[in-house]
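Undergrad: Structure: coords25.pdb, PDB, C-alpha atoms.
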ATOM      1  CA  MET S   1    -170.214-223.459  68.457
ATOM      2  CA  SER S   2    -172.020-225.398  65.776
ATOM      3  CA  THR S   3    -170.176-226.221  62.620
ATOM      4  CA  ILE S   4    -172.641-226.941  59.895
ATOM      5  CA  MET S   5    -171.735-226.967  56.256
ATOM      6  CA  LEU S   6    -173.408-224.243  54.260
ATOM      7  CA  ASP S   7    -173.926-224.565  50.548
ATOM      8  CA  ASP S   8    -174.746-221.927  47.946
ATOM      9  CA  ALA S   9    -178.486-222.208  48.533
ATOM     10  CA  ASP S  10    -178.046-221.568  52.277
ATOM     11  CA  ARG S  11    -175.889-218.566  51.504
ATOM     12  CA  ARG S  12    -178.476-217.196  49.086
ATOM     13  CA  ILE S  13    -181.187-217.544  51.726
ATOM     14  CA  LEU S  14    -179.039-215.785  54.332
ATOM     15  CA  ARG S  15    -178.146-212.986  51.920
ATOM     16  CA  HIS S  16    -181.796-212.313  51.136
ATOM     17  CA  LEU S  17    -182.802-212.629  54.775
ATOM     18  CA  GLN S  18    -180.148-210.088  55.774
ATOM     19  CA  ALA S  19    -181.356-207.702  53.074
ATOM     20  CA  ASP S  20    -184.984-208.025  54.187
ATOM     21  CA  PRO S  21    -185.353-209.455  57.689
ATOM     22  CA  ALA S  22    -189.152-209.138  57.517
ATOM     23  CA  ALA S  23    -189.440-211.361  54.435
ATOM     24  CA  THR S  24    -191.569-214.487  54.792
ATOM     25  CA  SER S  25    -190.195-217.935  54.052
ATOM     26  CA  ALA S  26    -192.183-217.968  50.781
ATOM     27  CA  GLU S  27    -190.712-214.611  49.699
ATOM     28  CA  LEU S  28    -187.200-215.815  50.512
ATOM     29  CA  ALA S  29    -187.806-219.015  48.521
ATOM     30  CA  ASP S  30    -188.828-216.946  45.540
ATOM     31  CA  ARG S  31    -185.833-214.608  45.742
ATOM     32  CA  ALA S  32    -183.351-217.435  46.334
ATOM     33  CA  SER S  33    -184.871-219.477  43.472
ATOM     34  CA  LEU S  34    -185.808-222.405  45.697
ATOM     35  CA  ASN S  35    -189.104-224.160  46.199
ATOM     36  CA  ALA S  36    -191.019-223.093  49.299
ATOM     37  CA  ALA S  37    -190.686-226.395  51.208
ATOM     38  CA  THR S  38    -186.914-226.583  50.638
ATOM     39  CA  CYS S  39    -186.414-222.997  51.728
ATOM     40  CA  TRP S  40    -188.519-223.505  54.863
ATOM     41  CA  ARG S  41    -186.580-226.662  55.795
ATOM     42  CA  ARG S  42    -183.263-224.918  55.295
ATOM     43  CA  LEU S  43    -184.343-221.944  57.398
ATOM     44  CA  GLU S  44    -185.381-224.339  60.173
ATOM     45  CA  ARG S  45    -182.019-226.097  59.953
ATOM     46  CA  LEU S  46    -180.124-222.793  60.105
ATOM     47  CA  ARG S  47    -182.144-221.782  63.170
ATOM     48  CA  GLU S  48    -181.669-225.117  64.905
ATOM     49  CA  ALA S  49    -177.929-225.034  64.272
ATOM     50  CA  GLY S  50    -177.816-221.534  65.779
ATOM     51  CA  VAL S  51    -176.556-219.869  62.606
ATOM     52  CA  ILE S  52    -179.675-217.677  62.691
ATOM     53  CA  ARG S  53    -179.942-216.641  66.323
ATOM     54  CA  GLY S  54    -183.030-214.509  65.903
ATOM     55  CA  THR S  55    -184.534-211.395  64.406
ATOM     56  CA  ARG S  56    -184.327-208.323  66.589
ATOM     57  CA  ALA S  57    -186.129-205.011  66.316
ATOM     58  CA  VAL S  58    -183.783-202.066  65.874
ATOM     59  CA  ILE S  59    -184.547-199.227  68.268
ATOM     60  CA  ASP S  60    -183.631-195.695  67.216
ATOM     61  CA  TRP S  61    -182.788-194.228  70.593
ATOM     62  CA  ARG S  62    -182.409-190.724  69.176
ATOM     63  CA  ALA S  63    -186.017-190.755  67.923
ATOM     64  CA  PHE S  64    -186.893-191.719  71.467
ATOM     65  CA  GLY S  65    -185.187-188.671  73.004
ATOM     66  CA  TRP S  66    -181.783-190.163  73.795
ATOM     67  CA  GLU S  67    -179.685-187.545  72.042
ATOM     68  CA  VAL S  68    -176.187-188.469  73.139
ATOM     69  CA  GLU S  69    -174.284-191.569  72.131
ATOM     70  CA  VAL S  70    -170.790-192.219  73.408
ATOM     71  CA  SER S  71    -168.181-194.933  73.006
ATOM     72  CA  LEU S  72    -166.183-195.353  76.174
ATOM     73  CA  ARG S  73    -162.877-197.119  75.703
ATOM     74  CA  LEU S  74    -161.501-198.435  78.948
ATOM     75  CA  THR S  75    -158.387-200.086  80.201
ATOM     76  CA  LEU S  76    -158.592-202.190  83.324
ATOM     77  CA  ASP S  77    -156.152-203.028  86.068
ATOM     78  CA  LYS S  78    -154.928-206.429  84.884
ATOM     79  CA  THR S  79    -152.987-207.057  88.072
ATOM     80  CA  GLN S  80    -156.413-207.819  89.555
ATOM     81  CA  PRO S  81    -157.315-211.398  88.585
ATOM     82  CA  ARG S  82    -161.037-210.645  88.684
ATOM     83  CA  ALA S  83    -160.804-207.284  86.934
ATOM     84  CA  PHE S  84    -162.766-208.337  83.837
ATOM     85  CA  ASP S  85    -165.431-210.380  85.633
ATOM     86  CA  ASP S  86    -166.065-207.705  88.271
ATOM     87  CA  PHE S  87    -166.072-204.895  85.758
ATOM     88  CA  LEU S  88    -168.396-206.635  83.284
ATOM     89  CA  ALA S  89    -170.855-207.717  85.971
ATOM     90  CA  ALA S  90    -171.085-204.135  87.250
ATOM     91  CA  ALA S  91    -171.272-202.578  83.766
ATOM     92  CA  ARG S  92    -174.264-204.802  82.875
ATOM     93  CA  GLN S  93    -176.170-203.135  85.718
ATOM     94  CA  VAL S  94    -175.953-199.678  84.117
ATOM     95  CA  PRO S  95    -179.244-199.348  82.182
ATOM     96  CA  GLU S  96    -177.831-196.842  79.677
ATOM     97  CA  VAL S  97    -175.148-199.280  78.490
ATOM     98  CA  LEU S  98    -176.276-200.846  75.206
ATOM     99  CA  GLU S  99    -173.172-202.746  74.149
ATOM    100  CA  ILE S 100    -170.147-204.253  75.850
ATOM    101  CA  GLN S 101    -167.188-205.525  73.847
ATOM    102  CA  THR S 102    -163.888-206.867  75.107
ATOM    103  CA  PHE S 103    -160.708-206.542  73.057
ATOM    104  CA  LEU S 104    -157.193-207.630  72.457
ATOM    105  CA  GLY S 105    -155.254-204.420  71.919
ATOM    106  CA  GLN S 106    -154.532-201.188  73.739
ATOM    107  CA  VAL S 107    -158.158-201.038  74.807
ATOM    108  CA  ASP S 108    -159.629-203.724  77.065
ATOM    109  CA  VAL S 109    -163.329-202.910  76.985
ATOM    110  CA  ARG S 110    -165.663-200.701  75.031
ATOM    111  CA  LEU S 111    -169.031-199.597  76.359
ATOM    112  CA  GLY S 112    -171.650-198.202  74.011
ATOM    113  CA  LEU S 113    -173.604-195.753  76.130
ATOM    114  CA  ILE S 114    -176.582-193.459  75.557
ATOM    115  CA  ALA S 115    -177.855-190.451  77.495
ATOM    116  CA  ARG S 116    -180.734-188.011  77.152
ATOM    117  CA  ASP S 117    -178.457-184.974  76.846
ATOM    118  CA  MET S 118    -174.992-183.780  77.849
ATOM    119  CA  ALA S 119    -176.024-183.016  81.434
ATOM    120  CA  HIS S 120    -177.459-186.510  81.759
ATOM    121  CA  TYR S 121    -174.298-187.973  80.216
ATOM    122  CA  LYS S 122    -172.138-186.141  82.743
ATOM    123  CA  GLU S 123    -174.242-187.549  85.525
ATOM    124  CA  ILE S 124    -174.060-191.150  84.257
ATOM    125  CA  TYR S 125    -170.337-190.820  83.595
ATOM    126  CA  ARG S 126    -169.575-189.503  87.053
ATOM    127  CA  ASP S 127    -171.991-191.599  89.114
ATOM    128  CA  ARG S 128    -172.217-194.891  87.219
ATOM    129  CA  ILE S 129    -169.126-195.262  85.012
ATOM    130  CA  LEU S 130    -166.246-193.850  87.027
ATOM    131  CA  THR S 131    -167.482-195.900  89.985
ATOM    132  CA  LEU S 132    -167.131-199.212  88.062
ATOM    133  CA  PRO S 133    -164.394-201.450  89.511
ATOM    134  CA  HIS S 134    -160.763-201.786  88.323
ATOM    135  CA  ILE S 135    -160.685-198.966  85.744
ATOM    136  CA  THR S 136    -157.243-197.537  85.039
ATOM    137  CA  ASP S 137    -158.096-195.332  82.073
ATOM    138  CA  VAL S 138    -161.184-194.094  80.216
ATOM    139  CA  GLU S 139    -161.433-192.305  76.940
ATOM    140  CA  ALA S 140    -164.693-191.045  75.444
ATOM    141  CA  LEU S 141    -165.593-190.792  71.785
ATOM    142  CA  MET S 142    -168.738-188.830  71.022
ATOM    143  CA  HIS S 143    -170.825-190.078  68.104
ATOM    144  CA  ILE S 144    -171.691-187.448  65.538
ATOM    145  CA  ALA S 145    -173.260-189.495  62.774
ATOM    146  CA  ARG S 146    -173.786-193.088  61.806
ATOM    147  CA  LEU S 147    -173.033-193.520  58.126
ATOM    148  CA  LYS S 148    -173.424-197.243  57.790
ATOM    149  CA  HIS S 149    -174.805-199.677  60.306
ATOM    150  CA  ASP S 150    -176.576-202.438  58.466
ATOM    151  CA  GLU S 151    -174.057-204.883  59.933
ATOM    152  CA  THR S 152    -174.725-207.237  57.063
ATOM    153  CA  LEU S 153    -172.112-209.889  56.481
ATOM    154  CA  PRO S 154    -170.476-210.384  53.083
ATOM    155  CA  ILE S 155    -171.817-213.960  52.861
TER
ATOM    156  CA  MET P   1    -191.272-186.798  70.494
ATOM    157  CA  ILE P   2    -194.012-189.097  71.707
ATOM    158  CA  ALA P   3    -194.627-190.073  75.307
ATOM    159  CA  LEU P   4    -194.218-193.766  76.054
ATOM    160  CA  ASP P   5    -195.830-195.706  78.847
ATOM    161  CA  ASP P   6    -194.777-198.968  80.495
ATOM    162  CA  ARG P   7    -196.600-201.083  77.923
ATOM    163  CA  ASP P   8    -194.846-199.343  75.025
ATOM    164  CA  ARG P   9    -191.538-200.022  76.724
ATOM    165  CA  ALA P  10    -192.519-203.655  77.291
ATOM    166  CA  ILE P  11    -193.353-203.938  73.573
ATOM    167  CA  LEU P  12    -189.971-202.466  72.604
ATOM    168  CA  ARG P  13    -188.196-204.799  74.977
ATOM    169  CA  ALA P  14    -190.041-207.857  73.628
ATOM    170  CA  LEU P  15    -189.499-206.949  69.978
ATOM    171  CA  SER P  16    -185.827-206.179  70.454
ATOM    172  CA  ASP P  17    -185.505-209.745  71.693
ATOM    173  CA  ASP P  18    -187.724-211.319  69.013
ATOM    174  CA  ALA P  19    -189.149-209.139  66.256
ATOM    175  CA  THR P  20    -191.042-212.012  64.630
ATOM    176  CA  GLN P  21    -193.697-212.130  67.370
ATOM    177  CA  THR P  22    -197.201-211.358  66.165
ATOM    178  CA  ALA P  23    -199.228-208.546  67.710
ATOM    179  CA  GLY P  24    -201.642-211.197  68.999
ATOM    180  CA  ALA P  25    -199.004-213.240  70.822
ATOM    181  CA  LEU P  26    -197.328-210.138  72.192
ATOM    182  CA  GLY P  27    -200.656-208.694  73.336
ATOM    183  CA  ARG P  28    -201.587-211.860  75.212
ATOM    184  CA  ARG P  29    -198.379-211.656  77.208
ATOM    185  CA  LEU P  30    -198.904-207.985  78.018
ATOM    186  CA  GLY P  31    -202.627-208.196  78.688
ATOM    187  CA  LEU P  32    -203.570-206.165  75.625
ATOM    188  CA  SER P  33    -205.888-207.014  72.759
ATOM    189  CA  GLN P  34    -204.408-207.795  69.349
ATOM    190  CA  PRO P  35    -205.694-204.520  67.775
ATOM    191  CA  ALA P  36    -204.457-202.422  70.724
ATOM    192  CA  THR P  37    -201.004-204.022  70.492
ATOM    193  CA  TRP P  38    -200.937-203.554  66.726
ATOM    194  CA  ARG P  39    -201.825-199.849  67.105
ATOM    195  CA  ARG P  40    -199.037-199.351  69.608
ATOM    196  CA  ILE P  41    -196.512-201.052  67.315
ATOM    197  CA  ARG P  42    -197.673-198.872  64.422
ATOM    198  CA  ARG P  43    -197.301-195.744  66.535
ATOM    199  CA  LEU P  44    -193.763-196.725  67.561
ATOM    200  CA  GLU P  45    -192.909-197.335  63.907
ATOM    201  CA  GLU P  46    -194.391-194.022  62.796
ATOM    202  CA  ALA P  47    -192.409-192.164  65.461
ATOM    203  CA  GLY P  48    -189.252-193.787  64.075
ATOM    204  CA  ILE P  49    -188.472-195.508  67.378
ATOM    205  CA  LEU P  50    -188.963-198.967  65.896
ATOM    206  CA  ALA P  51    -186.515-198.489  63.072
ATOM    207  CA  GLY P  52    -186.568-201.857  61.345
ATOM    208  CA  ARG P  53    -185.213-205.303  61.983
ATOM    209  CA  ARG P  54    -181.845-206.943  62.115
ATOM    210  CA  VAL P  55    -181.075-210.622  61.624
ATOM    211  CA  ASP P  56    -178.790-211.853  64.359
ATOM    212  CA  LEU P  57    -176.369-214.332  62.787
ATOM    213  CA  ASP P  58    -173.636-216.387  64.422
ATOM    214  CA  LEU P  59    -170.558-214.873  62.790
ATOM    215  CA  ALA P  60    -168.218-217.678  63.794
ATOM    216  CA  ALA P  61    -170.543-220.375  62.403
ATOM    217  CA  LEU P  62    -170.559-218.511  59.091
ATOM    218  CA  GLY P  63    -166.782-218.455  58.985
ATOM    219  CA  PHE P  64    -166.262-214.860  60.120
ATOM    220  CA  GLY P  65    -163.838-215.537  62.899
ATOM    221  CA  VAL P  66    -162.470-212.034  63.364
ATOM    222  CA  THR P  67    -164.115-208.708  64.168
ATOM    223  CA  VAL P  68    -161.907-205.659  64.525
ATOM    224  CA  PHE P  69    -162.775-202.143  65.627
ATOM    225  CA  LEU P  70    -160.708-199.537  63.827
ATOM    226  CA  GLY P  71    -160.144-195.949  64.826
ATOM    227  CA  VAL P  72    -159.290-193.974  61.716
ATOM    228  CA  LYS P  73    -157.818-190.510  61.574
ATOM    229  CA  ILE P  74    -157.933-188.676  58.286
ATOM    230  CA  ALA P  75    -155.224-186.315  57.116
ATOM    231  CA  THR P  76    -157.211-183.418  55.769
ATOM    232  CA  ARG P  77    -160.567-182.564  57.202
ATOM    233  CA  GLY P  78    -161.972-180.652  54.244
ATOM    234  CA  ARG P  79    -165.566-181.255  53.298
ATOM    235  CA  ALA P  80    -164.659-182.924  49.997
ATOM    236  CA  SER P  81    -162.093-185.280  51.509
ATOM    237  CA  MET P  82    -164.553-186.389  54.197
ATOM    238  CA  ASP P  83    -167.230-187.057  51.602
ATOM    239  CA  ASP P  84    -164.758-189.070  49.529
ATOM    240  CA  PHE P  85    -163.627-191.083  52.500
ATOM    241  CA  GLU P  86    -167.171-191.764  53.710
ATOM    242  CA  ARG P  87    -168.364-192.894  50.295
ATOM    243  CA  ALA P  88    -165.384-195.176  49.731
ATOM    244  CA  VAL P  89    -165.354-196.738  53.185
ATOM    245  CA  SER P  90    -169.104-197.433  53.193
ATOM    246  CA  ALA P  91    -168.737-199.388  49.947
ATOM    247  CA  ILE P  92    -166.351-201.962  51.432
ATOM    248  CA  PRO P  93    -168.387-205.121  52.125
ATOM    249  CA  GLU P  94    -166.272-206.189  55.113
ATOM    250  CA  VAL P  95    -166.909-202.843  56.814
ATOM    251  CA  GLN P  96    -170.058-203.437  58.838
ATOM    252  CA  SER P  97    -170.458-200.048  60.405
ATOM    253  CA  VAL P  98    -169.035-196.564  59.991
ATOM    254  CA  GLU P  99    -169.449-193.895  62.613
ATOM    255  CA  HIS P 100    -168.257-190.319  62.476
ATOM    256  CA  ILE P 101    -166.976-189.485  65.938
ATOM    257  CA  LEU P 102    -165.456-186.717  67.975
ATOM    258  CA  GLY P 103    -162.420-187.455  70.078
ATOM    259  CA  LEU P 104    -159.180-189.260  69.429
ATOM    260  CA  TYR P 105    -160.281-190.387  65.947
ATOM    261  CA  ASP P 106    -162.463-189.183  63.135
ATOM    262  CA  TYR P 107    -164.171-192.455  62.281
ATOM    263  CA  ARG P 108    -164.885-195.689  64.015
ATOM    264  CA  LEU P 109    -165.211-198.763  61.789
ATOM    265  CA  ARG P 110    -166.340-202.251  62.556
ATOM    266  CA  VAL P 111    -164.694-204.728  60.224
ATOM    267  CA  THR P 112    -165.400-208.433  59.945
ATOM    268  CA  ALA P 113    -163.095-210.964  58.289
ATOM    269  CA  ARG P 114    -162.605-214.715  58.008
ATOM    270  CA  ASP P 115    -159.351-214.752  59.961
ATOM    271  CA  ILE P 116    -156.392-212.531  60.804
ATOM    272  CA  ALA P 117    -154.821-213.055  57.372
ATOM    273  CA  ASP P 118    -158.083-212.056  55.704
ATOM    274  CA  PHE P 119    -158.312-209.020  58.000
ATOM    275  CA  GLU P 120    -154.794-208.012  57.019
ATOM    276  CA  ARG P 121    -155.785-208.187  53.354
ATOM    277  CA  VAL P 122    -158.831-205.946  53.979
ATOM    278  CA  LEU P 123    -156.738-203.534  56.022
ATOM    279  CA  ARG P 124    -153.888-203.235  53.521
ATOM    280  CA  ARG P 125    -155.754-203.395  50.248
ATOM    281  CA  ARG P 126    -158.982-201.643  51.132
ATOM    282  CA  ILE P 127    -158.698-199.506  54.266
ATOM    283  CA  MET P 128    -155.127-198.159  54.043
ATOM    284  CA  THR P 129    -155.694-197.236  50.406
ATOM    285  CA  LEU P 130    -158.758-195.089  51.165
ATOM    286  CA  PRO P 131    -158.398-191.417  50.313
ATOM    287  CA  GLY P 132    -156.996-189.285  53.121
ATOM    288  CA  VAL P 133    -156.245-191.965  55.734
ATOM    289  CA  ALA P 134    -153.553-190.726  58.131
ATOM    290  CA  SER P 135    -153.533-193.394  60.821
ATOM    291  CA  VAL P 136    -155.424-196.492  61.850
ATOM    292  CA  ASP P 137    -155.692-197.988  65.306
ATOM    293  CA  ALA P 138    -156.997-201.557  65.611
ATOM    294  CA  ASN P 139    -158.524-203.529  68.454
ATOM    295  CA  VAL P 140    -159.480-207.167  67.900
ATOM    296  CA  MET P 141    -162.812-208.037  69.472
ATOM    297  CA  LEU P 142    -162.834-210.985  71.880
ATOM    298  CA  SER P 143    -166.440-210.930  73.045
ATOM    299  CA  GLU P 144    -169.583-208.920  72.598
ATOM    300  CA  GLU P 145    -172.874-208.561  74.378
ATOM    301  CA  ARG P 146    -175.849-206.382  73.591
ATOM    302  CA  LEU P 147    -178.154-205.207  76.324
ATOM    303  CA  PRO P 148    -181.796-204.127  76.093
ATOM    304  CA  GLY P 149    -181.070-200.542  77.171
ATOM    305  CA  PRO P 150    -183.080-198.236  79.440
ATOM    306  CA  LEU P 151    -186.525-199.763  78.855
ATOM    307  CA  GLY P 152    -187.206-201.054  82.331
TER
END
Could you show the structure in this file as structure tokens?

TA:
Amino acid sequence: MSTIMLDDADRRILRHLQADPAATSAELADRASLNAATCWRRLERLREAGVIRGTRAVIDWRAFGWEVEVSLRLTLDKTQPRAFDDFLAAARQVPEVLEIQTFLGQVDVRLGLIARDMAHYKEIYRDRILTLPHITDVEALMHIARLKHDETLPI
Amino acid sequence: MIALDDRDRAILRALSDDATQTAGALGRRLGLSQPATWRRIRRLEEAGILAGRRVDLDLAALGFGVTVFLGVKIATRGRASMDDFERAVSAIPEVQSVEHILGLYDYRLRVTARDIADFERVLRRRIMTLPGVASVDANVMLSEERLPGPLG
């Protein structure tokens, strides 16, 4: 992990970039009250240091016909030394899995999963999820609505 | 719903990795002209499939060392109390995402904080004081990966 010191100007740039990821360097300079060359240099530095890892397109899977979104919370058999590695490697092979998080808590792993409809979900759950290695317990939470998901940081 | 072909899926895959690519550069890689690529991107945007951009920042490098997923149950499920809760929780800056769910909990929150002490402050002062909160279950995130999804 890189540890670079950020000053107020860097923070302003990042705040404006988060608010409008499509903004050009010149637009960001203007909004952060910096001159264009300074802003560009700082953006480059933040990218090189890995603070800005990239800009990703957000895909709305529902608009695309993937109607069902489920959080699967799993516990794994920790008596198996390779439980996490085996499980994660296999879970990455399931195309419908969009996110994998590991936790410290009652839950070991969360999978963010999408499916076309409930029948499709049942199929994925039975054929691709329950067959993953070292699972001791699974619990499903069905998403109804997403109220906030900008994932912006309070920089 | 629009029908997508392999090239549309390749465009989605490429842009979800790097959304700053120009239509020209993307087209060259996919064997499409710049205008053809641009038209496809426009069509995906108009259909709502390309729903904007997200800056991917290194949380740890910015001093956000802790991400916690919270499962929140609310005490009374009346319409008004849910509206109140949703409005109040969405306004907390440390709360990155709020999802209304069906299952063991009513809401799933993603909370980011500088460290465990900072998280405790957010939890006690901001989350536990929200209207109607009955119980909160917390899991501290250790690692996260995002995958491209069924585009292949």

Undergrad: Could you tell me which residues the PyMOL selection byres ((chain P) within 6 of (chain S)) grabs in this file, written as a VMD selection string?

TA: chain P and resid 15 to 19 48 to 58 61 93 96 to 103 139 to 147 149 to 150

Undergrad: For Ala47 (chain P), which of P:Leu109, P:Ala3, P:Val95, P:Leu104 is the closest residue, counting all atoms listed in the file?

TA: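 Once distances to Ala47 (chain P) are computed over all atoms listed in the file, the minimum belongs to P:Ala3.
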
Undergrad: From the list S:His16, S:Asp8, S:Val138, S:Ala29, which residue is nearest Asp77 (chain S) when using all atoms listed in the file?

TA: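 For Asp77 (chain S), the nearest of the given residues is S:Val138.
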
Undergrad: Find the spatial neighbours of region 114-131 of chain P, counting all atoms listed in the file, within a cut-off of 6 Å - ignore same-chain residues fewer than 2 positions away - and output them as a ChimeraX atom specification.

TA: /P:63-66,85,133

Undergrad: Need the shell around Arg42 (chain S): protein/DNA/RNA residues with any atom at most 9 Å away, counting only C-alpha atoms. Skip same-chain ones fewer than 6 positions apart. Format as a list in words?

TA: Ala9, Asp10 and Ile13 of chain S

Undergrad: Run the PyMOL selection byres ((chain P and resi 6-11) around 9) mentally over the shown coordinates, then write out the matched residues as an mmCIF file with C-alpha atoms, in the coordinates of the input, using the chain letters and numbers from the document.

TA:
data_model
loop_
_atom_site.group_PDB
_atom_site.id
_atom_site.type_symbol
_atom_site.label_atom_id
_atom_site.label_comp_id
_atom_site.auth_asym_id
_atom_site.auth_seq_id
_atom_site.Cartn_x
_atom_site.Cartn_y
_atom_site.Cartn_z
ATOM 1 C CA LEU P 4 -194.218 -193.766 76.054
ATOM 2 C CA ASP P 5 -195.830 -195.706 78.847
ATOM 3 C CA LEU P 12 -189.971 -202.466 72.604
ATOM 4 C CA ARG P 13 -188.196 -204.799 74.977
ATOM 5 C CA ALA P 14 -190.041 -207.857 73.628
ATOM 6 C CA LEU P 15 -189.499 -206.949 69.978
ATOM 7 C CA SER P 16 -185.827 -206.179 70.454
ATOM 8 C CA LEU P 26 -197.328 -210.138 72.192
ATOM 9 C CA GLY P 27 -200.656 -208.694 73.336
ATOM 10 C CA LEU P 30 -198.904 -207.985 78.018
ATOM 11 C CA LEU P 32 -203.570 -206.165 75.625
ATOM 12 C CA THR P 37 -201.004 -204.022 70.492
ATOM 13 C CA ARG P 40 -199.037 -199.351 69.608
ATOM 14 C CA ILE P 41 -196.512 -201.052 67.315
ATOM 15 C CA LEU P 44 -193.763 -196.725 67.561
ATOM 16 C CA LEU P 151 -186.525 -199.763 78.855
ATOM 17 C CA GLY P 152 -187.206 -201.054 82.331
#

Undergrad: Box for region 128-145 of chain P - axis-aligned, 6 Å on each of the six sides, all listed atoms - centre and size in Å to one decimal, as lines of an AutoDock Vina configuration file.

TA:
center_x = -163.2
center_y = -200.1
center_z = 62.3
size_x = 31.3
size_y = 33.7
size_z = 36.1

Undergrad: Show me, as a list in words, the residues that have an atom within 10 Å of Ile135 (chain S) when counting all atoms listed in the file, minus same-chain residues fewer than 6 positions from it.

TA: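 My list of contacting residues is Leu74, Thr75, Leu76, Asp77, Lys78, Ala83, Phe84, Phe87, Asp108, Val109 and Ile129 of chain S.
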